[in-house]
Amino acid sequence: MEYLGQYKAVYKAKSGCEDILAKAQDGGIVTSMFAYALETGIIDGAIVAGPGSEPYKPEPMIATTVEELFAARGTKYSVSPNLALIKEATRSYGLDKIGIVGTPCQIQAVRKAQLYPIGMRDVPDKIALALGIFCMENFPYQGLFQMVEDHCATKIDNVTKMDIGKGKFSVYTERGVNSQIPLKVTHKYEQPGCHVCLDYVANMADISTGSVGTPDGWSTVFVRSAAGEAAFNKAVEAGWIIAESMDGVKPGLELVEKLATEKITKNQKYLEHRLHKEHPALKPLRNPYI
Ligand SMILES: Cc1cc2nc3c(=O)[nH]c(=O)nc-3n(C[C@H](O)[C@H](O)[C@H](O)COP(=O)(O)OP(=O)(O)OC[C@H]3O[C@@H](n4cnc5c(N)ncnc54)[C@H](O)[C@@H]3O)c2cc1C
Ligand code: SF4
């Protein structure tokens, strides 16, 4: 499995807490892991994508209570610059053990800040748990707004959940699925930067998770680092997470690998096109995963 990165174990998993599942995006892995880590002192706060002043416009937030983690549940398909709060977490909040959730590009940036802490002197030792979420593409807020209000004919204030899966962008309200549009409609709203992105499954996270590969209500979870493994196993033992083998799970890792391969080969081709056609002076980005 060339594009799934290094991992120690992979599971079909979900939260053991019904309250978390009630408003989680998928299996509630991110909220459960941070809640367990907060309660047991593995972290003393987590940087998450909180609810912003406008619906589904995420605002990074430092959560130091389980209630604050609960408020950040669910996916917002727009950029949440979570790294912008790292310094504030250490300096204003005085956190020594930080949890952070991010898209694959954001987890790469976290690792880069740890390796080359220019302007981030306090950071390298203080990232205790980096949770990555799978990511095919992201949208500027204005684009997301148009997708919901114009294409899905739904007031964004009434939306209770958005989801991308099975080739469709779906919008839910209190009454259930309200509208679905094919992804070919949403492509034009994607962030241009996502078209040169070479990571689908957050290869550099301690733990990465997404919905693809497992049935609805569950998550696919890659446990990658020693820190991730220790925290995940303890969360399972304590009942915060229910984890099962991926063996025989449909559609399983084959689908995760297929989507990762599609994303990376498509974006690699686009990079090569830019190299030859648009910027002959630039060298291509090296794919760090192959
Ligand atoms: C832009 C985007 C694209 C995605 N694409 C895919 C995909 O192609 N395939 C797939 O399987 N999964 C994808 N996901 C991940 C998926 O939607 C869920 O976020 C993931 O499965 C975690 O669900 P959960 O139930 O464990 O999280 P929950 O317990 O519900 O918690 C979600 C956590 O994610 C954080 N979060 C929400 N929005 C953002 C954001 N924009 N940036 C950073 N953090 C955020 C919240 O703060 C919260 O802590 C994508 C997520 C995003 C943000
Ligand atoms: S597709 Fe890549 S660049 Fe775009 S938000 Fe996701 S991880 Fe970041």
# chains A, B, ... in the order shown; residues from 1 in each chain; ligands from 1
$ residues_around --residues "A:Ile156" --least-positions-apart "5" --cutoff "8 Å" --atoms "only C-alpha atoms" --output "tab-separated table (two decimals) with N, CA and C atoms, in the first residue's frame"
chain	number	residue	atom	x	y	z
A	55	PRO	N	-21.96	30.31	10.06
A	55	PRO	CA	-22.15	28.85	10.07
A	55	PRO	C	-21.16	28.12	9.14
A	56	TYR	N	-20.52	27.12	9.68
A	56	TYR	CA	-19.57	26.28	8.93
A	56	TYR	C	-18.31	27.03	8.46
A	145	PHE	N	-20.02	28.29	0.66
A	145	PHE	CA	-21.32	28.97	0.81
A	145	PHE	C	-22.14	28.82	-0.46
A	148	VAL	N	-23.53	25.32	-1.00
A	148	VAL	CA	-24.68	24.99	-0.15
A	148	VAL	C	-25.91	25.80	-0.58
A	149	GLU	N	-25.74	27.11	-0.69
A	149	GLU	CA	-26.92	27.96	-0.91
A	149	GLU	C	-27.39	27.92	-2.37
$ residues_around --residues "stretch 238-255 of chain A" --least-positions-apart "2" --cutoff "12 Å" --atoms "only C-alpha atoms" --output "short mmCIF file (atom, residue, chain, number, x, y, z; two decimals) with N, CA, C and O atoms, in the first residue's frame"
data_model
loop_
_atom_site.label_atom_id
_atom_site.label_comp_id
_atom_site.auth_asym_id
_atom_site.auth_seq_id
_atom_site.Cartn_x
_atom_site.Cartn_y
_atom_site.Cartn_z
N MET A 1 0.87 -1.19 0.00
CA MET A 1 0.00 0.00 0.00
C MET A 1 0.90 1.24 0.00
O MET A 1 1.23 1.80 1.05
N GLU A 2 1.23 1.66 -1.21
CA GLU A 2 2.29 2.67 -1.41
C GLU A 2 1.95 4.04 -0.80
O GLU A 2 2.82 4.72 -0.26
N TYR A 3 0.70 4.44 -0.88
CA TYR A 3 0.36 5.83 -0.53
C TYR A 3 -0.30 5.98 0.84
O TYR A 3 -0.85 7.03 1.13
N LEU A 4 -0.29 4.94 1.65
CA LEU A 4 -0.95 5.05 2.95
C LEU A 4 0.02 5.39 4.07
O LEU A 4 -0.37 5.50 5.24
N ALA A 9 -0.57 0.13 13.09
CA ALA A 9 -1.80 -0.67 13.10
C ALA A 9 -2.90 0.13 12.42
O ALA A 9 -2.83 1.36 12.36
N VAL A 10 -3.89 -0.58 11.89
CA VAL A 10 -5.04 0.11 11.30
C VAL A 10 -6.31 -0.57 11.81
O VAL A 10 -6.35 -1.80 11.97
N TYR A 11 -7.32 0.24 12.13
CA TYR A 11 -8.54 -0.28 12.74
C TYR A 11 -9.79 0.30 12.09
O TYR A 11 -9.77 1.41 11.55
N LYS A 12 -10.87 -0.46 12.24
CA LYS A 12 -12.22 0.08 12.09
C LYS A 12 -12.60 0.50 13.52
O LYS A 12 -12.53 -0.34 14.44
N ALA A 13 -12.94 1.76 13.73
CA ALA A 13 -13.13 2.19 15.12
C ALA A 13 -14.23 3.24 15.23
O ALA A 13 -14.59 3.90 14.25
N LYS A 14 -14.75 3.36 16.44
CA LYS A 14 -15.69 4.45 16.72
C LYS A 14 -15.64 4.78 18.21
O LYS A 14 -15.10 4.00 19.01
N SER A 15 -16.22 5.91 18.54
CA SER A 15 -16.25 6.34 19.94
C SER A 15 -17.08 5.37 20.78
O SER A 15 -18.07 4.81 20.31
N GLY A 16 -16.69 5.22 22.03
CA GLY A 16 -17.50 4.44 22.97
C GLY A 16 -18.50 5.33 23.69
O GLY A 16 -19.22 4.86 24.58
N CYS A 17 -18.55 6.61 23.31
CA CYS A 17 -19.40 7.57 24.02
C CYS A 17 -20.53 8.03 23.09
O CYS A 17 -20.29 8.68 22.08
N GLU A 18 -21.77 7.70 23.46
CA GLU A 18 -22.93 8.05 22.60
C GLU A 18 -23.08 9.56 22.44
O GLU A 18 -23.47 10.05 21.37
N ASP A 19 -22.73 10.33 23.48
CA ASP A 19 -22.87 11.79 23.39
C ASP A 19 -21.93 12.35 22.33
O ASP A 19 -22.26 13.30 21.62
N ILE A 20 -20.73 11.78 22.23
CA ILE A 20 -19.78 12.24 21.20
C ILE A 20 -20.33 11.87 19.82
O ILE A 20 -20.38 12.69 18.91
N LEU A 21 -20.80 10.63 19.70
CA LEU A 21 -21.27 10.16 18.38
C LEU A 21 -22.46 10.97 17.87
O LEU A 21 -22.63 11.13 16.66
N GLY A 27 -16.83 8.43 13.11
CA GLY A 27 -16.82 7.62 14.34
C GLY A 27 -16.46 8.41 15.59
O GLY A 27 -16.28 7.81 16.67
N GLY A 28 -16.32 9.72 15.47
CA GLY A 28 -16.00 10.53 16.67
C GLY A 28 -14.62 10.25 17.24
O GLY A 28 -14.38 10.45 18.44
N ILE A 29 -13.71 9.82 16.40
CA ILE A 29 -12.37 9.44 16.88
C ILE A 29 -11.60 10.66 17.39
O ILE A 29 -10.96 10.60 18.45
N VAL A 30 -11.67 11.76 16.65
CA VAL A 30 -10.88 12.94 17.04
C VAL A 30 -11.33 13.44 18.41
O VAL A 30 -10.51 13.62 19.32
N THR A 31 -12.63 13.62 18.57
CA THR A 31 -13.13 14.14 19.84
C THR A 31 -12.86 13.16 20.99
O THR A 31 -12.46 13.56 22.08
N SER A 32 -13.04 11.88 20.72
CA SER A 32 -12.83 10.89 21.79
C SER A 32 -11.36 10.82 22.20
O SER A 32 -11.04 10.75 23.39
N MET A 33 -10.47 10.85 21.21
CA MET A 33 -9.04 10.77 21.54
C MET A 33 -8.62 11.98 22.36
O MET A 33 -7.92 11.85 23.37
N PHE A 34 -9.05 13.16 21.93
CA PHE A 34 -8.66 14.37 22.68
C PHE A 34 -9.33 14.39 24.06
O PHE A 34 -8.70 14.80 25.05
N ALA A 35 -10.58 13.97 24.15
CA ALA A 35 -11.26 13.98 25.45
C ALA A 35 -10.54 13.03 26.42
O ALA A 35 -10.27 13.38 27.57
N TYR A 36 -10.21 11.83 25.91
CA TYR A 36 -9.49 10.88 26.77
C TYR A 36 -8.12 11.46 27.17
O TYR A 36 -7.73 11.41 28.34
N ALA A 37 -7.43 12.03 26.19
CA ALA A 37 -6.07 12.55 26.44
C ALA A 37 -6.11 13.73 27.43
O ALA A 37 -5.22 13.87 28.28
N GLU A 39 -8.48 14.19 29.79
CA GLU A 39 -8.87 13.70 31.11
C GLU A 39 -7.74 12.96 31.79
O GLU A 39 -7.69 12.89 33.02
N THR A 40 -6.81 12.40 31.03
CA THR A 40 -5.74 11.60 31.63
C THR A 40 -4.39 12.33 31.63
O THR A 40 -3.38 11.75 31.99
N GLY A 165 -18.76 12.05 0.17
CA GLY A 165 -18.55 10.61 0.12
C GLY A 165 -19.33 10.02 -1.02
O GLY A 165 -20.34 10.59 -1.46
N LYS A 166 -18.85 8.88 -1.53
CA LYS A 166 -19.53 8.16 -2.61
C LYS A 166 -19.79 9.08 -3.81
O LYS A 166 -20.87 9.05 -4.43
N VAL A 201 -3.85 10.79 3.51
CA VAL A 201 -4.19 10.17 4.80
C VAL A 201 -3.33 10.66 5.96
O VAL A 201 -3.13 9.95 6.94
N GLY A 210 -10.33 8.89 9.00
CA GLY A 210 -11.29 9.39 8.02
C GLY A 210 -12.41 8.38 7.90
O GLY A 210 -12.37 7.29 8.48
N SER A 211 -13.41 8.73 7.10
CA SER A 211 -14.57 7.85 6.96
C SER A 211 -14.35 6.78 5.92
O SER A 211 -14.92 5.69 5.99
N VAL A 212 -13.53 7.09 4.93
CA VAL A 212 -13.38 6.16 3.80
C VAL A 212 -12.85 4.80 4.27
O VAL A 212 -11.93 4.74 5.07
N GLY A 213 -13.45 3.75 3.76
CA GLY A 213 -12.96 2.40 4.06
C GLY A 213 -13.86 1.64 5.01
O GLY A 213 -13.89 0.42 5.00
N THR A 214 -14.59 2.37 5.86
CA THR A 214 -15.41 1.69 6.87
C THR A 214 -16.88 2.07 6.71
O THR A 214 -17.20 3.09 6.11
N PRO A 215 -17.79 1.26 7.28
CA PRO A 215 -19.23 1.56 7.13
C PRO A 215 -19.61 2.86 7.83
O PRO A 215 -18.87 3.34 8.71
N ASP A 216 -20.78 3.41 7.47
CA ASP A 216 -21.26 4.66 8.08
C ASP A 216 -21.24 4.54 9.61
O ASP A 216 -21.60 3.51 10.17
N GLY A 217 -20.84 5.63 10.26
CA GLY A 217 -20.81 5.65 11.72
C GLY A 217 -19.51 5.13 12.30
O GLY A 217 -19.29 5.21 13.52
N TRP A 218 -18.67 4.58 11.46
CA TRP A 218 -17.35 4.10 11.90
C TRP A 218 -16.27 4.93 11.20
O TRP A 218 -16.55 5.65 10.24
N SER A 219 -15.03 4.77 11.65
CA SER A 219 -13.90 5.46 11.04
C SER A 219 -12.79 4.46 10.75
O SER A 219 -12.66 3.44 11.43
N THR A 220 -12.00 4.81 9.74
CA THR A 220 -10.76 4.07 9.51
C THR A 220 -9.66 4.82 10.28
O THR A 220 -9.56 6.04 10.18
N VAL A 221 -8.87 4.09 11.06
CA VAL A 221 -7.88 4.75 11.92
C VAL A 221 -6.50 4.13 11.70
O VAL A 221 -6.32 2.93 11.89
N PHE A 222 -5.55 4.95 11.29
CA PHE A 222 -4.16 4.51 11.21
C PHE A 222 -3.43 5.00 12.46
O PHE A 222 -3.40 6.21 12.73
N VAL A 223 -2.84 4.07 13.19
CA VAL A 223 -2.03 4.43 14.35
C VAL A 223 -0.58 4.41 13.87
O VAL A 223 -0.09 3.37 13.43
N ALA A 231 -1.35 6.23 23.29
CA ALA A 231 -2.59 6.93 23.62
C ALA A 231 -3.81 6.16 23.11
O ALA A 231 -4.81 6.00 23.83
N PHE A 232 -3.73 5.64 21.89
CA PHE A 232 -4.89 4.94 21.29
C PHE A 232 -5.21 3.67 22.10
O PHE A 232 -6.36 3.42 22.45
N ASN A 233 -4.16 2.89 22.40
CA ASN A 233 -4.41 1.64 23.12
C ASN A 233 -5.03 1.89 24.49
O ASN A 233 -5.94 1.18 24.93
N LYS A 234 -4.55 2.96 25.15
CA LYS A 234 -5.12 3.27 26.48
C LYS A 234 -6.57 3.75 26.34
O LYS A 234 -7.41 3.42 27.17
N ALA A 235 -6.85 4.52 25.28
CA ALA A 235 -8.23 4.99 25.08
C ALA A 235 -9.16 3.81 24.81
O ALA A 235 -10.32 3.80 25.25
N VAL A 236 -8.66 2.79 24.12
CA VAL A 236 -9.47 1.59 23.87
C VAL A 236 -9.70 0.84 25.18
O VAL A 236 -10.83 0.47 25.52
N GLU A 257 -6.68 3.11 -0.38
CA GLU A 257 -5.49 3.12 -1.25
C GLU A 257 -5.85 3.65 -2.65
O GLU A 257 -5.11 4.41 -3.25
N LYS A 258 -7.01 3.23 -3.15
CA LYS A 258 -7.44 3.67 -4.49
C LYS A 258 -7.58 5.20 -4.52
O LYS A 258 -7.06 5.86 -5.43
N LEU A 259 -8.26 5.76 -3.52
CA LEU A 259 -8.47 7.21 -3.51
C LEU A 259 -7.15 7.96 -3.31
O LEU A 259 -6.91 9.00 -3.93
N ALA A 260 -6.30 7.43 -2.44
CA ALA A 260 -4.99 8.07 -2.21
C ALA A 260 -4.19 8.07 -3.52
O ALA A 260 -3.58 9.08 -3.89
N THR A 261 -4.22 6.95 -4.22
CA THR A 261 -3.47 6.84 -5.47
C THR A 261 -4.03 7.80 -6.51
O THR A 261 -3.28 8.49 -7.20
N GLU A 262 -5.37 7.87 -6.59
CA GLU A 262 -5.99 8.78 -7.57
C GLU A 262 -5.59 10.22 -7.29
O GLU A 262 -5.21 10.97 -8.19
#
$ residues_around --residues "A:Ala130" --least-positions-apart "5" --cutoff "6 Å" --atoms "only C-alpha atoms" --output "list in words"
Gly99, Ile100, Val101, Ala205 and Asp206 of chain A
$ residues_near_ligand --ligand "ligand 1" --cutoff "6 Å" --atoms "only C-alpha atoms and all ligand atoms" --output "JSON, numbers by chain"
{"A": [24, 25, 26, 27, 28, 29, 30, 31, 48, 49, 50, 72, 73, 74, 75, 76, 77, 78, 79, 80, 101, 102, 103, 133, 134, 135, 136, 137, 138, 209, 210, 211, 212]}
$ atom_distance --atom1 "atom CA of A:Gly132" --atom2 "atom CA of A:Ala46"
12.9 Å
$ closest_residue --among "A:Ala84, A:Met162, A:Ile264, A:Ala226" --to "ligand 2" --atoms "only C-alpha atoms and all ligand atoms"
A:Ile264
